[in-house]
Each structure stands twice: as structure tokens, then as C-alpha cells.
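As stored in structure.pdb (PDB, C-alpha atoms, pLDDT in the B column):
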MODEL        1
ATOM      1  CA  MET R   1     -37.167  42.820 -76.747  1.00 53.00           C
ATOM      2  CA  THR R   2     -36.609  42.473 -73.112  1.00 54.00           C
ATOM      3  CA  ASP R   3     -33.628  40.763 -71.579  1.00 53.00           C
ATOM      4  CA  MET R   4     -35.717  37.723 -70.501  1.00 53.00           C
ATOM      5  CA  THR R   5     -37.277  37.268 -73.942  1.00 51.00           C
ATOM      6  CA  GLU R   6     -33.853  37.488 -75.530  1.00 51.00           C
ATOM      7  CA  ARG R   7     -32.529  34.716 -73.292  1.00 51.00           C
ATOM      8  CA  ASN R   8     -35.453  32.412 -74.157  1.00 52.00           C
ATOM      9  CA  ARG R   9     -34.795  32.513 -77.908  1.00 53.00           C
ATOM     10  CA  THR R  10     -32.161  30.825 -80.011  1.00 53.00           C
ATOM     11  CA  GLN R  11     -30.952  31.496 -83.492  1.00 56.00           C
ATOM     12  CA  ASP R  12     -31.610  29.083 -86.319  1.00 58.00           C
ATOM     13  CA  PRO R  13     -29.078  28.642 -89.178  1.00 59.00           C
ATOM     14  CA  ASP R  14     -30.706  31.461 -91.176  1.00 63.00           C
ATOM     15  CA  GLY R  15     -30.116  33.884 -88.334  1.00 61.00           C
ATOM     16  CA  GLU R  16     -33.755  34.013 -87.248  1.00 63.00           C
ATOM     17  CA  ARG R  17     -34.623  33.609 -83.638  1.00 63.00           C
ATOM     18  CA  GLU R  18     -37.117  30.927 -82.508  1.00 59.00           C
ATOM     19  CA  PRO R  19     -38.734  30.533 -79.104  1.00 61.00           C
ATOM     20  CA  VAL R  20     -37.409  27.766 -76.917  1.00 59.00           C
ATOM     21  CA  GLN R  21     -39.550  26.130 -74.266  1.00 60.00           C
ATOM     22  CA  THR R  22     -37.628  26.238 -71.058  1.00 62.00           C
ATOM     23  CA  ARG R  23     -40.236  24.454 -68.877  1.00 69.00           C
ATOM     24  CA  LYS R  24     -41.982  21.168 -69.402  1.00 65.00           C
ATOM     25  CA  PRO R  25     -45.681  20.938 -68.645  1.00 62.00           C
ATOM     26  CA  PRO R  26     -46.275  19.527 -65.150  1.00 61.00           C
ATOM     27  CA  THR R  27     -46.550  15.759 -65.108  1.00 58.00           C
ATOM     28  CA  LYS R  28     -49.157  13.987 -63.031  1.00 59.00           C
ATOM     29  CA  ARG R  29     -47.696  11.806 -60.342  1.00 63.00           C
ATOM     30  CA  GLY R  30     -49.463   8.769 -58.967  1.00 60.00           C
ATOM     31  CA  GLY R  31     -51.657   8.221 -61.985  1.00 65.00           C
ATOM     32  CA  GLY R  32     -55.150   9.517 -61.386  1.00 72.00           C
ATOM     33  CA  ASP R  33     -57.773  10.351 -58.843  1.00 77.00           C
ATOM     34  CA  PRO R  34     -56.428  10.347 -55.266  1.00 76.00           C
ATOM     35  CA  ALA R  35     -59.530   8.469 -54.093  1.00 72.00           C
ATOM     36  CA  SER R  36     -58.545   5.476 -56.225  1.00 77.00           C
ATOM     37  CA  ARG R  37     -55.027   5.194 -54.804  1.00 81.00           C
ATOM     38  CA  GLY R  38     -55.212   2.404 -52.289  1.00 86.00           C
ATOM     39  CA  ARG R  39     -57.813   0.115 -50.805  1.00 87.00           C
ATOM     40  CA  THR R  40     -60.284   0.576 -47.970  1.00 89.00           C
ATOM     41  CA  THR R  41     -61.452  -2.433 -46.011  1.00 92.00           C
ATOM     42  CA  ILE R  42     -64.371  -2.369 -43.589  1.00 96.00           C
ATOM     43  CA  ALA R  43     -64.570  -4.922 -40.785  1.00 96.00           C
ATOM     44  CA  ASP R  44     -67.703  -7.009 -40.261  1.00 96.00           C
ATOM     45  CA  GLY R  45     -68.092  -5.499 -36.788  1.00 96.00           C
ATOM     46  CA  VAL R  46     -68.291  -1.972 -38.194  1.00 97.00           C
ATOM     47  CA  VAL R  47     -71.164  -2.902 -40.500  1.00 97.00           C
ATOM     48  CA  GLU R  48     -72.844  -4.826 -37.657  1.00 97.00           C
ATOM     49  CA  LYS R  49     -72.761  -1.765 -35.384  1.00 97.00           C
ATOM     50  CA  ILE R  50     -74.166   0.520 -38.069  1.00 97.00           C
ATOM     51  CA  ALA R  51     -76.947  -1.959 -38.864  1.00 98.00           C
ATOM     52  CA  GLY R  52     -77.739  -2.547 -35.188  1.00 97.00           C
ATOM     53  CA  LEU R  53     -78.125   1.146 -34.451  1.00 97.00           C
ATOM     54  CA  ALA R  54     -80.211   1.693 -37.598  1.00 98.00           C
ATOM     55  CA  ALA R  55     -82.520  -1.223 -36.739  1.00 97.00           C
ATOM     56  CA  ARG R  56     -83.052   0.009 -33.167  1.00 96.00           C
ATOM     57  CA  ASP R  57     -84.185   3.391 -34.523  1.00 96.00           C
ATOM     58  CA  VAL R  58     -87.287   1.822 -36.090  1.00 97.00           C
ATOM     59  CA  VAL R  59     -90.535   2.179 -34.117  1.00 97.00           C
ATOM     60  CA  GLY R  60     -91.810  -1.253 -33.137  1.00 97.00           C
ATOM     61  CA  VAL R  61     -88.375  -2.835 -32.594  1.00 97.00           C
ATOM     62  CA  HIS R  62     -88.233  -3.625 -28.881  1.00 95.00           C
ATOM     63  CA  ALA R  63     -84.828  -5.339 -28.781  1.00 94.00           C
ATOM     64  CA  MET R  64     -82.231  -7.111 -30.885  1.00 95.00           C
ATOM     65  CA  GLY R  65     -81.117 -10.725 -30.582  1.00 92.00           C
ATOM     66  CA  SER R  66     -82.609 -13.931 -29.216  1.00 77.00           C
ATOM     67  CA  GLY R  67     -83.689 -14.368 -25.621  1.00 60.00           C
ATOM     68  CA  LEU R  68     -80.463 -16.163 -24.752  1.00 55.00           C
ATOM     69  CA  SER R  69     -78.198 -13.503 -26.268  1.00 49.00           C
ATOM     70  CA  ARG R  70     -80.181 -10.770 -24.523  1.00 46.00           C
ATOM     71  CA  THR R  71     -79.802 -12.589 -21.191  1.00 52.00           C
ATOM     72  CA  PHE R  72     -76.054 -12.928 -21.623  1.00 49.00           C
ATOM     73  CA  GLY R  73     -75.925  -9.313 -22.747  1.00 52.00           C
ATOM     74  CA  ALA R  74     -77.732  -8.174 -19.613  1.00 52.00           C
ATOM     75  CA  VAL R  75     -75.190 -10.018 -17.463  1.00 52.00           C
ATOM     76  CA  ARG R  76     -72.293  -8.561 -19.443  1.00 51.00           C
ATOM     77  CA  ASP R  77     -73.763  -5.063 -19.144  1.00 51.00           C
ATOM     78  CA  ARG R  78     -73.789  -5.359 -15.339  1.00 57.00           C
ATOM     79  CA  VAL R  79     -70.109  -6.289 -15.159  1.00 58.00           C
ATOM     80  CA  PRO R  80     -67.963  -3.243 -14.352  1.00 59.00           C
ATOM     81  CA  GLY R  81     -66.376  -2.007 -17.549  1.00 56.00           C
ATOM     82  CA  GLY R  82     -68.874  -3.907 -19.700  1.00 55.00           C
ATOM     83  CA  THR R  83     -70.562  -2.008 -22.485  1.00 51.00           C
ATOM     84  CA  LYS R  84     -73.903  -2.456 -24.170  1.00 58.00           C
ATOM     85  CA  SER R  85     -73.460  -4.335 -27.420  1.00 80.00           C
ATOM     86  CA  VAL R  86     -75.044  -2.408 -30.280  1.00 89.00           C
ATOM     87  CA  SER R  87     -74.284  -5.267 -32.652  1.00 92.00           C
ATOM     88  CA  ARG R  88     -76.248  -7.866 -30.651  1.00 93.00           C
ATOM     89  CA  GLY R  89     -78.613  -9.698 -33.006  1.00 95.00           C
ATOM     90  CA  VAL R  90     -76.718  -8.657 -36.143  1.00 97.00           C
ATOM     91  CA  LYS R  91     -74.445 -10.761 -38.327  1.00 97.00           C
ATOM     92  CA  ALA R  92     -72.715  -9.260 -41.356  1.00 97.00           C
ATOM     93  CA  GLU R  93     -70.734 -10.783 -44.193  1.00 97.00           C
ATOM     94  CA  VAL R  94     -68.629  -8.082 -45.796  1.00 97.00           C
ATOM     95  CA  GLY R  95     -66.909  -8.382 -49.166  1.00 95.00           C
ATOM     96  CA  GLU R  96     -64.919  -5.811 -51.108  1.00 93.00           C
ATOM     97  CA  VAL R  97     -67.950  -4.005 -52.556  1.00 95.00           C
ATOM     98  CA  GLN R  98     -71.006  -5.781 -51.121  1.00 97.00           C
ATOM     99  CA  THR R  99     -72.418  -6.894 -47.789  1.00 98.00           C
ATOM    100  CA  ALA R 100     -75.223  -9.149 -46.599  1.00 98.00           C
ATOM    101  CA  LEU R 101     -76.876  -8.877 -43.197  1.00 98.00           C
ATOM    102  CA  ASP R 102     -78.865 -11.160 -40.895  1.00 98.00           C
ATOM    103  CA  LEU R 103     -80.828  -9.470 -38.099  1.00 98.00           C
ATOM    104  CA  GLU R 104     -82.731 -11.013 -35.211  1.00 97.00           C
ATOM    105  CA  ILE R 105     -85.295  -8.702 -33.642  1.00 97.00           C
ATOM    106  CA  VAL R 106     -87.972  -8.628 -30.963  1.00 96.00           C
ATOM    107  CA  VAL R 107     -91.024  -6.562 -31.892  1.00 97.00           C
ATOM    108  CA  ASP R 108     -93.540  -4.807 -29.669  1.00 96.00           C
ATOM    109  CA  TYR R 109     -96.958  -6.425 -29.400  1.00 96.00           C
ATOM    110  CA  GLY R 110     -99.579  -4.840 -31.642  1.00 96.00           C
ATOM    111  CA  VAL R 111     -97.334  -3.604 -34.436  1.00 97.00           C
ATOM    112  CA  SER R 112     -97.452  -4.998 -37.961  1.00 97.00           C
ATOM    113  CA  ILE R 113     -94.447  -7.318 -38.206  1.00 98.00           C
ATOM    114  CA  ALA R 114     -94.361  -6.938 -41.998  1.00 98.00           C
ATOM    115  CA  ASP R 115     -94.295  -3.126 -41.711  1.00 98.00           C
ATOM    116  CA  VAL R 116     -91.599  -3.201 -39.026  1.00 98.00           C
ATOM    117  CA  ALA R 117     -89.458  -5.605 -41.087  1.00 98.00           C
ATOM    118  CA  ARG R 118     -89.827  -3.393 -44.180  1.00 98.00           C
ATOM    119  CA  ALA R 119     -88.896  -0.272 -42.197  1.00 98.00           C
ATOM    120  CA  VAL R 120     -85.899  -2.040 -40.623  1.00 98.00           C
ATOM    121  CA  ARG R 121     -84.663  -3.145 -44.071  1.00 98.00           C
ATOM    122  CA  GLU R 122     -85.020   0.353 -45.503  1.00 98.00           C
ATOM    123  CA  ASN R 123     -83.308   2.035 -42.545  1.00 98.00           C
ATOM    124  CA  VAL R 124     -80.465  -0.490 -42.351  1.00 98.00           C
ATOM    125  CA  ILE R 125     -79.789  -0.421 -46.101  1.00 98.00           C
ATOM    126  CA  ALA R 126     -79.786   3.387 -46.200  1.00 98.00           C
ATOM    127  CA  ALA R 127     -77.465   3.708 -43.182  1.00 98.00           C
ATOM    128  CA  VAL R 128     -74.974   1.022 -44.245  1.00 98.00           C
ATOM    129  CA  GLU R 129     -74.766   2.167 -47.875  1.00 98.00           C
ATOM    130  CA  ARG R 130     -74.443   5.841 -46.910  1.00 98.00           C
ATOM    131  CA  MET R 131     -71.757   5.289 -44.280  1.00 98.00           C
ATOM    132  CA  THR R 132     -69.699   2.540 -45.909  1.00 97.00           C
ATOM    133  CA  GLY R 133     -70.285   2.838 -49.644  1.00 96.00           C
ATOM    134  CA  LEU R 134     -70.909  -0.914 -49.747  1.00 97.00           C
ATOM    135  CA  GLU R 135     -73.858  -2.294 -51.698  1.00 98.00           C
ATOM    136  CA  VAL R 136     -76.261  -4.124 -49.372  1.00 98.00           C
ATOM    137  CA  VAL R 137     -77.404  -7.172 -51.331  1.00 98.00           C
ATOM    138  CA  GLU R 138     -79.772  -8.571 -48.697  1.00 97.00           C
ATOM    139  CA  VAL R 139     -81.096  -7.991 -45.208  1.00 98.00           C
ATOM    140  CA  ASN R 140     -82.632 -11.115 -43.703  1.00 98.00           C
ATOM    141  CA  ILE R 141     -84.790 -10.496 -40.642  1.00 98.00           C
ATOM    142  CA  ALA R 142     -85.804 -13.121 -38.111  1.00 97.00           C
ATOM    143  CA  VAL R 143     -88.429 -12.102 -35.568  1.00 97.00           C
ATOM    144  CA  SER R 144     -87.550 -14.169 -32.506  1.00 95.00           C
ATOM    145  CA  ASP R 145     -90.094 -12.820 -30.017  1.00 95.00           C
ATOM    146  CA  VAL R 146     -92.920 -10.393 -29.356  1.00 95.00           C
ATOM    147  CA  LYS R 147     -92.729  -8.124 -26.311  1.00 94.00           C
ATOM    148  CA  LEU R 148     -96.098  -8.235 -24.543  1.00 93.00           C
ATOM    149  CA  PRO R 149     -97.201  -5.145 -22.610  1.00 90.00           C
ATOM    150  CA  ASP R 150     -97.312  -6.965 -19.258  1.00 85.00           C
ATOM    151  CA  GLU R 151     -93.965  -8.783 -19.646  1.00 79.00           C
ATOM    152  CA  GLU R 152     -90.919  -7.648 -17.756  1.00 73.00           C
ATOM    153  CA  ASP R 153     -87.850  -6.736 -19.769  1.00 66.00           C
ATOM    154  CA  ASP R 154     -85.127  -9.391 -19.960  1.00 56.00           C
ATOM    155  CA  GLU R 155     -82.608  -6.679 -19.199  1.00 53.00           C
ATOM    156  CA  PRO R 156     -83.287  -5.414 -15.673  1.00 50.00           C
ATOM    157  CA  GLU R 157     -82.754  -1.779 -14.884  1.00 49.00           C
ATOM    158  CA  PRO R 158     -79.527  -1.142 -12.980  1.00 48.00           C
ATOM    159  CA  ARG R 159     -80.055  -0.437  -9.296  1.00 42.00           C
ATOM    160  CA  LEU R 160     -77.573   2.419  -9.321  1.00 46.00           C
ATOM    161  CA  GLN R 161     -78.369   5.510 -11.309  1.00 48.00           C
TER     162      GLN R 161
ENDMDL
END

Spit out the file's structure as C-alpha cells when you get a sec.
Amino acid sequence: MTDMTERNRTQDPDGEREPVQTRKPPTKRGGGDPASRGRTTIADGVVEKIAGLAARDVVGVHAMGSGLSRTFGAVRDRVPGGTKSVSRGVKAEVGEVQTALDLEIVVDYGVSIADVARAVRENVIAAVERMTGLEVVEVNIAVSDVKLPDEEDDEPEPRLQ
């Protein structure tokens, strides 16, 4: 036997040598999957931004929000340092594992409102669930206006480019 093997054995009363375990098996610390250690909270505003961007991606959605909120938004956008609000027209209620959304949209004239609403729901649900892991229990859509081809936009183009 080698020197190391000899050191790892002891003698029993009959003079026979038995192996002795010198190391314990590694113990798990923290108790389980690292992903389950702790809690993640997602703010309402985060879900609102994701939903707003996803809704704007749908063909037929002209704008988000009511006429009044779009007017105030246009003024805010013109103020130096102001940023365009991607969450305009979106309200989210976020729980620990679920969320519900209310969207207010303006559609382009000539599109099927039912088809646009269905596409908005599908796109918003897919984006929010993929990015947050929250279950979207409902997406309520209110169509507040129709953008006619000859109407001017509520949000004027900035004079400076």
C-alpha cells in the first residue's frame, strides 16, 4: 500500500484495517435553485412602457392616449429636456405574478378596429409576458379616436431638425 492509503485506514480490534472517510460530501448552501433565492418586483411603469411600445408596433395604431393627453404630451415634448412618453395611453396594475392592462388608442381611418385591437392584444401580451415573466390576465382596449387622412396630427412637427 502507498503511504497515503496507509494513513487513511485505521485498525479495528481484530487487527484488520478499515477505510476511514476523511472528507464529507459537499453540502448545498442556500437551499436550492439560485433563481428562487429572493424576490423580483416589477414597477407598473416598466410594464406600461413595454406595453406602449408593443402597441405602437401594430399597423393601424396611429397614436396612444386620448386627445387631451396627446395635447399635453405634445407640449411636454417641446419643453427642453422633455422626452416622449412611451407609456402614454397605458395603465398597468402589476401584482406579484400577474398584470392587467388598459390601453387607449387612436386608429387610422380605414382599418378594421376589431383586427387592430386583436393584434394589439396579441403583441402586448407576448411582449409583456416574454420580458417580465408576468401572466397578463387581461388587456382592455379603448379606441378613443380615428385619424382621418386629411386631419392634421395633434403633435406638430418640431421646427428644428

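Considering all atoms listed in the file, the residue among R:Lys49, R:Arg39, R:Arg88, R:His62 positioned nearest to Ile113 of chain R is R:His62.
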
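Ranking R:Val137, R:Leu148, R:Val97, R:Ala114 by their shortest atom-to-atom distance to Thr40 of chain R, with only C-alpha atoms included, puts R:Val97 first.
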
message = If we draw a sphere of 8 Å around (-69.1, -0.5, -44.9), which residues have at least one atom in it when counting all atoms listed in the file? Please report them as number ranges by chain.
response = R: 41-43, 46-47, 94, 99, 128-129, 131-134

Only C-alpha atoms, please: the residues just picked out, written as a short mmCIF file (atom, residue, chain, number, x, y, z; two decimals), keeping the file's coordinate frame.
data_model
loop_
_atom_site.label_atom_id
_atom_site.label_comp_id
_atom_site.auth_asym_id
_atom_site.auth_seq_id
_atom_site.Cartn_x
_atom_site.Cartn_y
_atom_site.Cartn_z
CA THR R 41 -61.45 -2.43 -46.01
CA ILE R 42 -64.37 -2.37 -43.59
CA ALA R 43 -64.57 -4.92 -40.78
CA VAL R 46 -68.29 -1.97 -38.19
CA VAL R 47 -71.16 -2.90 -40.50
CA VAL R 94 -68.63 -8.08 -45.80
CA THR R 99 -72.42 -6.89 -47.79
CA VAL R 128 -74.97 1.02 -44.24
CA GLU R 129 -74.77 2.17 -47.88
CA MET R 131 -71.76 5.29 -44.28
CA THR R 132 -69.70 2.54 -45.91
CA GLY R 133 -70.28 2.84 -49.64
CA LEU R 134 -70.91 -0.91 -49.75
#

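Interatomic distance, atom CA of Val120 of chain R against atom CA of Lys91 of chain R: 14.6 Å.
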
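You can rank R:Glu122, R:Asp145, R:Asp57, R:Asp44 by their closest distance to Gln98 of chain R using all atoms listed in the file, and at the top of that list sits R:Asp44.
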
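From atom CA of Glu135 of chain R back to atom CA of Ala117 of chain R, the distance works out to 19.2 Å.
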
note = In terms of all atoms listed in the file, the residue from R:Asp150, R:Gly45, R:Arg121, R:Ser66 at minimal distance from Tyr109 of chain R is R:Asp150

task = Calculate how many Å separate atom CA of Ala100 of chain R from atom CA of Val86 of chain R, rounding to one decimal.
result = 17.7 Å

Residues picked by the PyMOL selection byres ((chain R and resi 123) around 12) here, as a CSV table (one decimal) with C-alpha atoms, in the coordinates of the input?
chain,number,residue,atom,x,y,z
R,50,ILE,CA,-74.2,0.5,-38.1
R,51,ALA,CA,-76.9,-2.0,-38.9
R,52,GLY,CA,-77.7,-2.5,-35.2
R,53,LEU,CA,-78.1,1.1,-34.5
R,54,ALA,CA,-80.2,1.7,-37.6
R,55,ALA,CA,-82.5,-1.2,-36.7
R,56,ARG,CA,-83.1,0.0,-33.2
R,57,ASP,CA,-84.2,3.4,-34.5
R,58,VAL,CA,-87.3,1.8,-36.1
R,59,VAL,CA,-90.5,2.2,-34.1
R,116,VAL,CA,-91.6,-3.2,-39.0
R,117,ALA,CA,-89.5,-5.6,-41.1
R,118,ARG,CA,-89.8,-3.4,-44.2
R,119,ALA,CA,-88.9,-0.3,-42.2
R,120,VAL,CA,-85.9,-2.0,-40.6
R,121,ARG,CA,-84.7,-3.1,-44.1
R,122,GLU,CA,-85.0,0.4,-45.5
R,124,VAL,CA,-80.5,-0.5,-42.4
R,125,ILE,CA,-79.8,-0.4,-46.1
R,126,ALA,CA,-79.8,3.4,-46.2
R,127,ALA,CA,-77.5,3.7,-43.2
R,128,VAL,CA,-75.0,1.0,-44.2
R,129,GLU,CA,-74.8,2.2,-47.9
R,130,ARG,CA,-74.4,5.8,-46.9
R,136,VAL,CA,-76.3,-4.1,-49.4
R,139,VAL,CA,-81.1,-8.0,-45.2

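Selection by the PyMOL selection byres ((chain R and resi 144) around 7) on the present file picks out Ser66, Glu104, Ile105, Val106, Ala142, Val143 and Asp145 of chain R.
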
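Nearest residue to Asp115 of chain R among R:Leu101, R:Val146, R:Ala92, R:Val61 is R:Val61, counting only C-alpha atoms.
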
Missing atoms in segment 102-119 of chain R should be modelled up to N, CA, C and O atoms and reported as a compact mmCIF listing (two decimals), keeping the file's coordinate frame.
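Dumped to part_33.txt:
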# COMPACT_ATOMS: atom_id res chain seq x y z
N ASP R 102 -77.83 -10.38 -41.56
CA ASP R 102 -78.86 -11.16 -40.90
C ASP R 102 -79.15 -10.47 -39.57
O ASP R 102 -78.24 -10.24 -38.78
N LEU R 103 -80.43 -10.14 -39.33
CA LEU R 103 -80.83 -9.47 -38.10
C LEU R 103 -81.86 -10.32 -37.37
O LEU R 103 -82.72 -10.93 -38.00
N GLU R 104 -81.76 -10.33 -36.05
CA GLU R 104 -82.73 -11.01 -35.21
C GLU R 104 -83.33 -9.95 -34.30
O GLU R 104 -82.60 -9.29 -33.55
N ILE R 105 -84.65 -9.78 -34.39
CA ILE R 105 -85.30 -8.70 -33.64
C ILE R 105 -86.44 -9.23 -32.78
O ILE R 105 -86.98 -10.31 -33.02
N VAL R 106 -86.79 -8.43 -31.78
CA VAL R 106 -87.97 -8.63 -30.96
C VAL R 106 -88.85 -7.42 -31.23
O VAL R 106 -88.38 -6.27 -31.15
N VAL R 107 -90.12 -7.67 -31.58
CA VAL R 107 -91.02 -6.56 -31.89
C VAL R 107 -92.00 -6.34 -30.74
O VAL R 107 -92.27 -7.24 -29.95
N ASP R 108 -92.52 -5.13 -30.66
CA ASP R 108 -93.54 -4.81 -29.67
C ASP R 108 -94.87 -5.42 -30.09
O ASP R 108 -95.18 -5.49 -31.28
N TYR R 109 -95.65 -5.85 -29.12
CA TYR R 109 -96.96 -6.42 -29.40
C TYR R 109 -97.86 -5.35 -30.01
O TYR R 109 -97.85 -4.19 -29.59
N GLY R 110 -98.61 -5.74 -31.03
CA GLY R 110 -99.58 -4.84 -31.64
C GLY R 110 -99.11 -4.17 -32.91
O GLY R 110 -99.91 -3.60 -33.64
N VAL R 111 -97.83 -4.22 -33.21
CA VAL R 111 -97.33 -3.60 -34.44
C VAL R 111 -97.41 -4.62 -35.57
O VAL R 111 -97.40 -5.83 -35.35
N SER R 112 -97.48 -4.12 -36.79
CA SER R 112 -97.45 -5.00 -37.96
C SER R 112 -96.01 -5.46 -38.18
O SER R 112 -95.12 -4.65 -38.46
N ILE R 113 -95.80 -6.77 -38.05
CA ILE R 113 -94.45 -7.32 -38.21
C ILE R 113 -93.93 -7.06 -39.62
O ILE R 113 -92.76 -6.70 -39.80
N ALA R 114 -94.78 -7.18 -40.61
CA ALA R 114 -94.36 -6.94 -42.00
C ALA R 114 -93.92 -5.48 -42.18
O ALA R 114 -92.90 -5.21 -42.84
N ASP R 115 -94.66 -4.55 -41.60
CA ASP R 115 -94.30 -3.13 -41.71
C ASP R 115 -92.99 -2.82 -40.97
O ASP R 115 -92.15 -2.06 -41.46
N VAL R 116 -92.83 -3.42 -39.79
CA VAL R 116 -91.60 -3.20 -39.03
C VAL R 116 -90.40 -3.77 -39.79
O VAL R 116 -89.36 -3.12 -39.91
N ALA R 117 -90.55 -4.98 -40.33
CA ALA R 117 -89.46 -5.60 -41.09
C ALA R 117 -89.09 -4.76 -42.31
O ALA R 117 -87.90 -4.57 -42.60
N ARG R 118 -90.09 -4.24 -43.00
CA ARG R 118 -89.83 -3.39 -44.18
C ARG R 118 -89.08 -2.12 -43.76
O ARG R 118 -88.09 -1.72 -44.38
N ALA R 119 -89.53 -1.50 -42.67
CA ALA R 119 -88.90 -0.27 -42.20
C ALA R 119 -87.47 -0.54 -41.72
O ALA R 119 -86.57 0.27 -41.96
